[in-house]
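To be precise, the following lines are query11.txt, and they hold compact mmCIF, N, CA and C atoms.
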# COMPACT_ATOMS: atom_id res chain seq x y z
N MET A 1 4.19 27.10 -8.55
CA MET A 1 5.08 26.62 -9.57
C MET A 1 5.01 27.48 -10.83
N ALA A 2 3.80 27.87 -11.21
CA ALA A 2 3.63 28.62 -12.46
C ALA A 2 4.35 29.96 -12.41
N PHE A 3 4.40 30.58 -11.23
CA PHE A 3 5.07 31.87 -11.10
C PHE A 3 6.56 31.76 -11.41
N ASN A 4 7.10 30.58 -11.24
CA ASN A 4 8.53 30.35 -11.49
C ASN A 4 8.79 29.70 -12.85
N GLY A 5 7.77 29.60 -13.67
CA GLY A 5 7.94 29.04 -15.00
C GLY A 5 7.89 27.53 -15.07
N TYR A 6 7.36 26.90 -14.02
CA TYR A 6 7.25 25.44 -14.00
C TYR A 6 5.80 25.03 -14.17
N SER A 7 5.61 23.83 -14.66
CA SER A 7 4.26 23.27 -14.71
C SER A 7 4.35 21.81 -14.28
N LEU A 8 3.23 21.30 -13.80
CA LEU A 8 3.15 19.92 -13.34
C LEU A 8 2.01 19.25 -14.07
N ILE A 9 2.29 18.11 -14.67
CA ILE A 9 1.26 17.34 -15.37
C ILE A 9 1.03 16.07 -14.59
N LEU A 10 -0.20 15.82 -14.18
CA LEU A 10 -0.56 14.60 -13.47
C LEU A 10 -1.11 13.61 -14.48
N HIS A 11 -0.55 12.42 -14.48
CA HIS A 11 -1.00 11.39 -15.40
C HIS A 11 -1.17 10.10 -14.62
N LEU A 12 -2.37 9.56 -14.59
CA LEU A 12 -2.65 8.31 -13.88
C LEU A 12 -2.65 7.16 -14.87
N ILE A 13 -1.95 6.09 -14.51
CA ILE A 13 -1.94 4.92 -15.39
C ILE A 13 -2.28 3.67 -14.59
N SER A 14 -2.89 2.73 -15.26
CA SER A 14 -3.22 1.46 -14.62
C SER A 14 -2.04 0.50 -14.80
N GLU A 15 -2.05 -0.53 -14.01
CA GLU A 15 -0.98 -1.53 -14.12
C GLU A 15 -1.00 -2.18 -15.50
N ALA A 16 -2.19 -2.32 -16.07
CA ALA A 16 -2.33 -2.95 -17.38
C ALA A 16 -1.72 -2.12 -18.51
N SER A 17 -1.64 -0.80 -18.31
CA SER A 17 -1.12 0.06 -19.38
C SER A 17 0.36 0.36 -19.23
N GLN A 18 1.05 -0.37 -18.38
CA GLN A 18 2.46 -0.12 -18.14
C GLN A 18 3.38 -0.79 -19.17
N ASN A 19 2.82 -1.28 -20.24
CA ASN A 19 3.65 -1.90 -21.28
C ASN A 19 4.12 -0.90 -22.33
N GLU A 20 3.65 0.33 -22.24
CA GLU A 20 4.12 1.37 -23.15
C GLU A 20 4.19 2.70 -22.42
N LEU A 21 5.02 3.58 -22.93
CA LEU A 21 5.18 4.90 -22.31
C LEU A 21 3.97 5.78 -22.59
N PRO A 22 3.59 6.59 -21.61
CA PRO A 22 2.51 7.55 -21.86
C PRO A 22 2.92 8.53 -22.95
N LYS A 23 1.94 9.09 -23.63
CA LYS A 23 2.18 10.02 -24.73
C LYS A 23 3.08 11.19 -24.32
N MET A 24 2.87 11.72 -23.11
CA MET A 24 3.66 12.88 -22.67
C MET A 24 5.15 12.56 -22.59
N ILE A 25 5.48 11.30 -22.36
CA ILE A 25 6.90 10.90 -22.34
C ILE A 25 7.38 10.61 -23.76
N ARG A 26 6.58 9.86 -24.51
CA ARG A 26 6.96 9.52 -25.89
C ARG A 26 7.22 10.77 -26.72
N GLU A 27 6.39 11.79 -26.54
CA GLU A 27 6.49 13.01 -27.34
C GLU A 27 7.33 14.10 -26.65
N ARG A 28 8.02 13.73 -25.59
CA ARG A 28 8.91 14.65 -24.87
C ARG A 28 8.21 15.94 -24.45
N GLN A 29 6.99 15.80 -23.93
CA GLN A 29 6.25 16.96 -23.43
C GLN A 29 6.66 17.29 -22.00
N VAL A 30 7.48 16.43 -21.39
CA VAL A 30 7.96 16.65 -20.02
C VAL A 30 9.48 16.56 -20.01
N ASP A 31 10.09 17.23 -19.04
CA ASP A 31 11.55 17.22 -18.90
C ASP A 31 12.02 16.20 -17.88
N ALA A 32 11.13 15.76 -17.01
CA ALA A 32 11.47 14.81 -15.96
C ALA A 32 10.20 14.11 -15.50
N VAL A 33 10.35 13.00 -14.76
CA VAL A 33 9.22 12.20 -14.32
C VAL A 33 9.35 11.89 -12.83
N ILE A 34 8.25 12.03 -12.11
CA ILE A 34 8.15 11.58 -10.73
C ILE A 34 7.14 10.43 -10.73
N LEU A 35 7.57 9.26 -10.29
CA LEU A 35 6.68 8.11 -10.22
C LEU A 35 6.27 7.86 -8.78
N GLY A 36 5.00 7.95 -8.50
CA GLY A 36 4.48 7.66 -7.17
C GLY A 36 3.49 6.52 -7.26
N GLY A 37 3.75 5.45 -6.57
CA GLY A 37 2.87 4.29 -6.62
C GLY A 37 3.66 3.03 -6.89
N VAL A 38 2.95 2.00 -7.29
CA VAL A 38 3.58 0.71 -7.57
C VAL A 38 3.67 0.54 -9.09
N PHE A 39 4.89 0.36 -9.56
CA PHE A 39 5.12 0.21 -11.00
C PHE A 39 5.94 -1.04 -11.27
N GLN A 40 5.65 -1.66 -12.40
CA GLN A 40 6.43 -2.82 -12.83
C GLN A 40 7.85 -2.36 -13.13
N ARG A 41 8.80 -3.21 -12.79
CA ARG A 41 10.20 -2.90 -13.06
C ARG A 41 10.41 -2.62 -14.55
N SER A 42 9.75 -3.35 -15.40
CA SER A 42 9.91 -3.16 -16.85
C SER A 42 9.47 -1.76 -17.28
N PHE A 43 8.43 -1.20 -16.63
CA PHE A 43 7.96 0.14 -16.96
C PHE A 43 9.00 1.18 -16.54
N VAL A 44 9.57 1.02 -15.36
CA VAL A 44 10.60 1.94 -14.88
C VAL A 44 11.81 1.88 -15.81
N GLU A 45 12.20 0.67 -16.20
CA GLU A 45 13.34 0.51 -17.12
C GLU A 45 13.05 1.13 -18.48
N LEU A 46 11.80 1.09 -18.92
CA LEU A 46 11.42 1.71 -20.19
C LEU A 46 11.61 3.23 -20.12
N ILE A 47 11.26 3.83 -19.01
CA ILE A 47 11.47 5.27 -18.83
C ILE A 47 12.97 5.57 -18.77
N GLN A 48 13.72 4.75 -18.05
CA GLN A 48 15.17 4.94 -17.96
C GLN A 48 15.81 4.90 -19.35
N LYS A 49 15.39 3.96 -20.17
CA LYS A 49 15.95 3.83 -21.53
C LYS A 49 15.64 5.06 -22.37
N ASN A 50 14.54 5.73 -22.05
CA ASN A 50 14.14 6.92 -22.79
C ASN A 50 15.01 8.11 -22.43
N GLY A 51 15.76 8.00 -21.33
CA GLY A 51 16.72 9.03 -20.96
C GLY A 51 16.18 10.19 -20.15
N LEU A 52 14.93 10.10 -19.70
CA LEU A 52 14.37 11.18 -18.88
C LEU A 52 14.82 11.04 -17.43
N PRO A 53 15.18 12.16 -16.79
CA PRO A 53 15.44 12.10 -15.36
C PRO A 53 14.18 11.63 -14.64
N MET A 54 14.37 10.80 -13.61
CA MET A 54 13.22 10.20 -12.95
C MET A 54 13.52 10.04 -11.46
N ILE A 55 12.48 10.23 -10.65
CA ILE A 55 12.55 10.00 -9.21
C ILE A 55 11.38 9.10 -8.84
N LEU A 56 11.65 8.09 -8.02
CA LEU A 56 10.60 7.20 -7.52
C LEU A 56 10.23 7.61 -6.10
N LEU A 57 8.94 7.73 -5.83
CA LEU A 57 8.46 8.04 -4.48
C LEU A 57 8.06 6.75 -3.79
N ASP A 58 8.75 6.42 -2.71
CA ASP A 58 8.44 5.26 -1.89
C ASP A 58 8.15 4.01 -2.73
N PRO A 59 9.14 3.58 -3.52
CA PRO A 59 8.91 2.45 -4.42
C PRO A 59 8.72 1.13 -3.68
N LYS A 60 8.10 0.18 -4.36
CA LYS A 60 7.88 -1.15 -3.78
C LYS A 60 9.22 -1.84 -3.53
N ASN A 61 10.11 -1.73 -4.48
CA ASN A 61 11.43 -2.32 -4.38
C ASN A 61 12.47 -1.27 -4.75
N THR A 62 13.65 -1.41 -4.20
CA THR A 62 14.71 -0.49 -4.58
C THR A 62 15.23 -0.87 -5.96
N LEU A 63 15.60 0.12 -6.72
CA LEU A 63 16.09 -0.11 -8.08
C LEU A 63 17.47 0.52 -8.24
N GLU A 64 18.31 -0.15 -8.98
CA GLU A 64 19.65 0.36 -9.24
C GLU A 64 19.58 1.58 -10.16
N ASN A 65 20.52 2.49 -9.98
CA ASN A 65 20.68 3.66 -10.85
C ASN A 65 19.41 4.49 -10.99
N CYS A 66 18.67 4.62 -9.90
CA CYS A 66 17.43 5.39 -9.95
C CYS A 66 17.30 6.15 -8.64
N HIS A 67 17.08 7.47 -8.72
CA HIS A 67 16.89 8.28 -7.52
C HIS A 67 15.56 7.92 -6.88
N GLN A 68 15.57 7.84 -5.56
CA GLN A 68 14.37 7.44 -4.83
C GLN A 68 14.19 8.30 -3.59
N VAL A 69 12.94 8.61 -3.28
CA VAL A 69 12.60 9.29 -2.05
C VAL A 69 11.91 8.25 -1.18
N LEU A 70 12.53 7.96 -0.03
CA LEU A 70 11.99 6.95 0.86
C LEU A 70 11.41 7.60 2.12
N ILE A 71 10.42 6.98 2.66
CA ILE A 71 9.75 7.47 3.86
C ILE A 71 10.23 6.65 5.04
N ASP A 72 10.41 7.28 6.19
CA ASP A 72 10.77 6.55 7.41
C ASP A 72 9.49 5.91 7.95
N ASN A 73 9.14 4.77 7.37
CA ASN A 73 7.89 4.10 7.70
C ASN A 73 7.84 3.61 9.14
N GLU A 74 8.95 3.10 9.65
CA GLU A 74 8.95 2.59 11.03
C GLU A 74 8.75 3.72 12.03
N ARG A 75 9.43 4.83 11.84
CA ARG A 75 9.28 5.97 12.74
C ARG A 75 7.87 6.54 12.67
N GLY A 76 7.34 6.65 11.45
CA GLY A 76 5.97 7.14 11.28
C GLY A 76 4.95 6.24 11.96
N ALA A 77 5.12 4.93 11.81
CA ALA A 77 4.20 3.98 12.46
C ALA A 77 4.33 4.07 13.98
N PHE A 78 5.56 4.23 14.45
CA PHE A 78 5.78 4.37 15.90
C PHE A 78 5.05 5.59 16.44
N LEU A 79 5.24 6.74 15.79
CA LEU A 79 4.61 7.98 16.25
C LEU A 79 3.08 7.89 16.19
N MET A 80 2.58 7.31 15.12
CA MET A 80 1.15 7.17 14.94
C MET A 80 0.55 6.30 16.05
N THR A 81 1.16 5.16 16.30
CA THR A 81 0.66 4.24 17.31
C THR A 81 0.82 4.82 18.71
N GLN A 82 1.94 5.45 18.98
CA GLN A 82 2.18 6.08 20.27
C GLN A 82 1.10 7.13 20.56
N TYR A 83 0.76 7.93 19.57
CA TYR A 83 -0.27 8.95 19.73
C TYR A 83 -1.61 8.31 20.12
N LEU A 84 -1.99 7.25 19.42
CA LEU A 84 -3.27 6.59 19.71
C LEU A 84 -3.27 5.99 21.11
N ILE A 85 -2.16 5.37 21.51
CA ILE A 85 -2.06 4.79 22.85
C ILE A 85 -2.13 5.87 23.92
N GLU A 86 -1.44 6.99 23.69
CA GLU A 86 -1.48 8.10 24.66
C GLU A 86 -2.88 8.69 24.79
N LYS A 87 -3.67 8.58 23.75
CA LYS A 87 -5.06 9.07 23.80
C LYS A 87 -6.00 8.04 24.43
N GLY A 88 -5.44 6.91 24.88
CA GLY A 88 -6.25 5.92 25.58
C GLY A 88 -6.78 4.79 24.73
N HIS A 89 -6.44 4.76 23.47
CA HIS A 89 -6.94 3.69 22.60
C HIS A 89 -6.13 2.41 22.86
N ARG A 90 -6.83 1.29 22.96
CA ARG A 90 -6.17 0.02 23.25
C ARG A 90 -6.35 -1.01 22.14
N ARG A 91 -7.44 -0.93 21.42
CA ARG A 91 -7.70 -1.87 20.32
C ARG A 91 -7.51 -1.10 19.02
N ILE A 92 -6.36 -1.26 18.43
CA ILE A 92 -5.97 -0.47 17.26
C ILE A 92 -5.98 -1.38 16.03
N GLY A 93 -6.72 -0.97 15.03
CA GLY A 93 -6.76 -1.72 13.77
C GLY A 93 -5.74 -1.16 12.79
N PHE A 94 -5.31 -2.00 11.89
CA PHE A 94 -4.36 -1.59 10.85
C PHE A 94 -4.90 -2.06 9.51
N ILE A 95 -5.19 -1.14 8.62
CA ILE A 95 -5.68 -1.47 7.29
C ILE A 95 -4.62 -1.06 6.29
N SER A 96 -4.28 -1.96 5.41
CA SER A 96 -3.15 -1.71 4.52
C SER A 96 -3.38 -2.35 3.16
N GLY A 97 -2.48 -2.02 2.26
CA GLY A 97 -2.43 -2.72 0.98
C GLY A 97 -1.59 -3.98 1.14
N ASP A 98 -1.12 -4.49 0.06
CA ASP A 98 -0.34 -5.72 0.00
C ASP A 98 0.92 -5.62 0.86
N LEU A 99 1.08 -6.53 1.81
CA LEU A 99 2.24 -6.50 2.69
C LEU A 99 3.53 -6.91 1.99
N ASP A 100 3.47 -7.24 0.72
CA ASP A 100 4.68 -7.45 -0.06
C ASP A 100 5.37 -6.12 -0.34
N ARG A 101 4.63 -5.05 -0.25
CA ARG A 101 5.22 -3.72 -0.45
C ARG A 101 5.98 -3.34 0.82
N GLN A 102 7.24 -3.02 0.67
CA GLN A 102 8.12 -2.78 1.81
C GLN A 102 7.57 -1.74 2.78
N SER A 103 7.03 -0.65 2.27
CA SER A 103 6.54 0.41 3.16
C SER A 103 5.38 -0.09 4.02
N PHE A 104 4.46 -0.85 3.44
CA PHE A 104 3.34 -1.36 4.20
C PHE A 104 3.82 -2.36 5.25
N LYS A 105 4.78 -3.19 4.87
CA LYS A 105 5.31 -4.20 5.78
C LYS A 105 5.97 -3.54 7.00
N LEU A 106 6.77 -2.50 6.76
CA LEU A 106 7.44 -1.81 7.86
C LEU A 106 6.43 -1.12 8.78
N ARG A 107 5.42 -0.50 8.20
CA ARG A 107 4.41 0.17 9.01
C ARG A 107 3.65 -0.84 9.87
N TYR A 108 3.29 -1.96 9.25
CA TYR A 108 2.57 -3.00 9.99
C TYR A 108 3.42 -3.56 11.11
N ARG A 109 4.65 -3.86 10.82
CA ARG A 109 5.54 -4.47 11.81
C ARG A 109 5.68 -3.56 13.03
N ASP A 110 5.93 -2.29 12.81
CA ASP A 110 6.12 -1.40 13.95
C ASP A 110 4.81 -1.12 14.68
N THR A 111 3.72 -0.96 13.96
CA THR A 111 2.42 -0.74 14.60
C THR A 111 2.06 -1.95 15.45
N SER A 112 2.26 -3.14 14.92
CA SER A 112 1.94 -4.36 15.63
C SER A 112 2.80 -4.51 16.88
N ARG A 113 4.09 -4.27 16.74
CA ARG A 113 5.02 -4.39 17.86
C ARG A 113 4.66 -3.38 18.96
N ARG A 114 4.39 -2.17 18.56
CA ARG A 114 4.10 -1.09 19.52
C ARG A 114 2.75 -1.33 20.23
N SER A 115 1.74 -1.74 19.48
CA SER A 115 0.42 -1.92 20.09
C SER A 115 0.35 -3.18 20.96
N SER A 116 1.27 -4.12 20.74
CA SER A 116 1.31 -5.31 21.59
C SER A 116 2.12 -5.10 22.86
N GLY A 117 2.75 -3.90 22.95
CA GLY A 117 3.48 -3.57 24.16
C GLY A 117 4.96 -3.91 24.12
N SER A 118 5.44 -4.42 23.00
CA SER A 118 6.86 -4.78 22.94
C SER A 118 7.71 -3.71 22.30
N GLY A 119 7.11 -2.57 21.92
CA GLY A 119 7.88 -1.54 21.24
C GLY A 119 8.04 -0.28 21.99
Output the file's structure in the form of C-alpha cells.
Amino acid sequence: MAFNGYSLILHLISEASQNELPKMIRERQVDAVILGGVFQRSFVELIQKNGLPMILLDPKNTLENCHQVLIDNERGAFLMTQYLIEKGHRRIGFISGDLDRQSFKLRYRDTSRRSSGSG
C-alpha cells in the first residue's frame, strides 16, 4: 500500500466506547473507514453523519445506505464440513459467537444440516 501512496490505520474499539467517534475520524485523519466486527447501529450512523465513506465487513445486520461486503457463509460452512467428512471425521464440533449474528447463524445451520446427513 505504501508504494502506491496509501496508508492503513488500525484502530480497535470496545463496545463501550462506541458512543463517540475515534479521534482519527473526528480530526479527519482518514479519508474512509472500513468497519469489521459488531458495531452498534448508533455508532455506524454517527460515522455516516460525519460524511466519511464507509464499508462494513460482514455486519451483524444489514443497514440502509451503507456499502457492505458479505461472506457466503452457507457455502463456506458447506465446504468446510464436506472437507471434514471426506477426511473421515464423524463427530464435528461447532464453536461460535452469538447466534444472533447472521453470519454465525448461517454457518451453524449449514454445518449442522451437513453433518447430520441432510445436506
Using only C-alpha atoms, determine which residues lie at most 9 Å from Phe43 in chain A, disregarding the query and same-chain residues fewer than 5 positions distant; provide the list as a PDB file with N, CA and C atoms, keeping the file's coordinate frame.
ATOM      1  N   GLN A  18       1.050  -0.370 -18.380  1.00  0.00           N
ATOM      2  CA  GLN A  18       2.460  -0.120 -18.140  1.00  0.00           C
ATOM      3  C   GLN A  18       3.380  -0.790 -19.170  1.00  0.00           C
ATOM      4  N   ASN A  19       2.820  -1.280 -20.240  1.00  0.00           N
ATOM      5  CA  ASN A  19       3.650  -1.900 -21.280  1.00  0.00           C
ATOM      6  C   ASN A  19       4.120  -0.900 -22.330  1.00  0.00           C
ATOM      7  N   GLU A  20       3.650   0.330 -22.240  1.00  0.00           N
ATOM      8  CA  GLU A  20       4.120   1.370 -23.150  1.00  0.00           C
ATOM      9  C   GLU A  20       4.190   2.700 -22.420  1.00  0.00           C
ATOM     10  N   LEU A  21       5.020   3.580 -22.930  1.00  0.00           N
ATOM     11  CA  LEU A  21       5.180   4.900 -22.310  1.00  0.00           C
ATOM     12  C   LEU A  21       3.970   5.780 -22.590  1.00  0.00           C
ATOM     13  N   GLN A  48      13.720   4.750 -18.050  1.00  0.00           N
ATOM     14  CA  GLN A  48      15.170   4.940 -17.960  1.00  0.00           C
ATOM     15  C   GLN A  48      15.810   4.900 -19.350  1.00  0.00           C
TER      16      GLN A  48
END
Report task. Calculate how many Å separate atom N of Leu35 in chain A from atom N of Gly5 in chain A, rounding to one decimal. Result ->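 Computing it gives 20.6 Å between the two atoms.
For range 3-61 of chain A, backbone-based DSSP assignment of strand (DSSP E or B) covers Val33, Ile34, Leu35, Gly36, Met54, Ile55, Leu56 and Leu57 of chain A.
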**Report entry** Every residue of range 10-87 of chain A that DSSP places in helix (DSSP H, G or I), as a ChimeraX atom specification
**Finding:** /A:15-17,23-26,41-50,73-86
Leaving out range 95-106 of chain A and any residue of its chain fewer than 6 positions from it, which residues lie within 8 Å of it when counting only N, CA and C atoms, given as a PDB file with N, CA and C atoms, in the coordinates of the input?
ATOM      1  N   ASP A  58       8.750   6.420  -2.710  1.00  0.00           N
ATOM      2  CA  ASP A  58       8.440   5.260  -1.890  1.00  0.00           C
ATOM      3  C   ASP A  58       8.150   4.010  -2.730  1.00  0.00           C
ATOM      4  N   PRO A  59       9.140   3.580  -3.520  1.00  0.00           N
ATOM      5  CA  PRO A  59       8.910   2.450  -4.420  1.00  0.00           C
ATOM      6  C   PRO A  59       8.720   1.130  -3.680  1.00  0.00           C
ATOM      7  N   LYS A  60       8.100   0.180  -4.360  1.00  0.00           N
ATOM      8  CA  LYS A  60       7.880  -1.150  -3.780  1.00  0.00           C
ATOM      9  C   LYS A  60       9.220  -1.840  -3.530  1.00  0.00           C
ATOM     10  N   ASN A  61      10.110  -1.730  -4.480  1.00  0.00           N
ATOM     11  CA  ASN A  61      11.430  -2.320  -4.380  1.00  0.00           C
ATOM     12  C   ASN A  61      12.470  -1.270  -4.750  1.00  0.00           C
ATOM     13  N   ILE A  71      10.420   6.980   2.660  1.00  0.00           N
ATOM     14  CA  ILE A  71       9.750   7.470   3.860  1.00  0.00           C
ATOM     15  C   ILE A  71      10.230   6.650   5.040  1.00  0.00           C
ATOM     16  N   ASP A  72      10.410   7.280   6.190  1.00  0.00           N
ATOM     17  CA  ASP A  72      10.770   6.550   7.410  1.00  0.00           C
ATOM     18  C   ASP A  72       9.490   5.910   7.950  1.00  0.00           C
ATOM     19  N   ASN A  73       9.140   4.770   7.370  1.00  0.00           N
ATOM     20  CA  ASN A  73       7.890   4.100   7.700  1.00  0.00           C
ATOM     21  C   ASN A  73       7.840   3.610   9.140  1.00  0.00           C
ATOM     22  N   GLU A  74       8.950   3.100   9.650  1.00  0.00           N
ATOM     23  CA  GLU A  74       8.950   2.590  11.030  1.00  0.00           C
ATOM     24  C   GLU A  74       8.750   3.720  12.030  1.00  0.00           C
ATOM     25  N   ARG A  75       9.430   4.830  11.840  1.00  0.00           N
ATOM     26  CA  ARG A  75       9.280   5.970  12.740  1.00  0.00           C
ATOM     27  C   ARG A  75       7.870   6.540  12.670  1.00  0.00           C
ATOM     28  N   ALA A  77       5.120   4.930  11.810  1.00  0.00           N
ATOM     29  CA  ALA A  77       4.200   3.980  12.460  1.00  0.00           C
ATOM     30  C   ALA A  77       4.330   4.070  13.980  1.00  0.00           C
ATOM     31  N   PHE A  78       5.560   4.230  14.450  1.00  0.00           N
ATOM     32  CA  PHE A  78       5.780   4.370  15.900  1.00  0.00           C
ATOM     33  C   PHE A  78       5.050   5.590  16.440  1.00  0.00           C
ATOM     34  N   SER A 112       2.260  -3.140  14.920  1.00  0.00           N
ATOM     35  CA  SER A 112       1.940  -4.360  15.630  1.00  0.00           C
ATOM     36  C   SER A 112       2.800  -4.510  16.880  1.00  0.00           C
TER      37      SER A 112
END
Report task. May I ask which of the residues A:Gly51, A:Tyr6, A:Leu63, A:Val38 is the closest one to Arg26 in chain A, counting only C-alpha atoms? Result ->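 Looking only at the distances to Arg26 in chain A, the closest residue turns out to be A:Gly51.
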Could you list, as a PDB file with N, CA and C atoms, in the frame of the given file, every residue within 10 Å of His11 in chain A, counting only C-alpha atoms and ignoring same-chain residues fewer than 4 positions away?
ATOM      1  N   PRO A  22       3.590   6.590 -21.610  1.00  0.00           N
ATOM      2  CA  PRO A  22       2.510   7.550 -21.860  1.00  0.00           C
ATOM      3  C   PRO A  22       2.920   8.530 -22.950  1.00  0.00           C
ATOM      4  N   LYS A  23       1.940   9.090 -23.630  1.00  0.00           N
ATOM      5  CA  LYS A  23       2.180  10.020 -24.730  1.00  0.00           C
ATOM      6  C   LYS A  23       3.080  11.190 -24.320  1.00  0.00           C
ATOM      7  N   MET A  24       2.870  11.720 -23.110  1.00  0.00           N
ATOM      8  CA  MET A  24       3.660  12.880 -22.670  1.00  0.00           C
ATOM      9  C   MET A  24       5.150  12.560 -22.590  1.00  0.00           C
ATOM     10  N   LEU A  35       7.570   9.260 -10.290  1.00  0.00           N
ATOM     11  CA  LEU A  35       6.680   8.110 -10.220  1.00  0.00           C
ATOM     12  C   LEU A  35       6.270   7.860  -8.780  1.00  0.00           C
TER      13      LEU A  35
END
Could you work out an axis-aligned bounding box for all listed atoms of range 23-40 of chain A, with 5 Å added on each of the six sides, and give its centre and edge lengths in Å to one decimal, as AutoDock Vina command-line options?
--center_x 7.0 --center_y 7.2 --center_z -17.0 --size_x 20.1 --size_y 30.1 --size_z 30.8
Report task. Could you jot down the CA of Leu10 in chain A to CA of Val44 in chain A separation for me, Å, one decimal place? Result ->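 The value is 16.9 Å.
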Query raised in the report: Between atom C of Ala16 in chain A and atom N of Tyr108 in chain A, what is the distance, to one decimal in Å?
Result: 28.2 Å
Query raised in the report: A:Leu12, A:Ile25, A:Ile34, A:Leu70: which is nearest Lys49 in chain A, counting only C-alpha atoms?
Result: A:Ile25
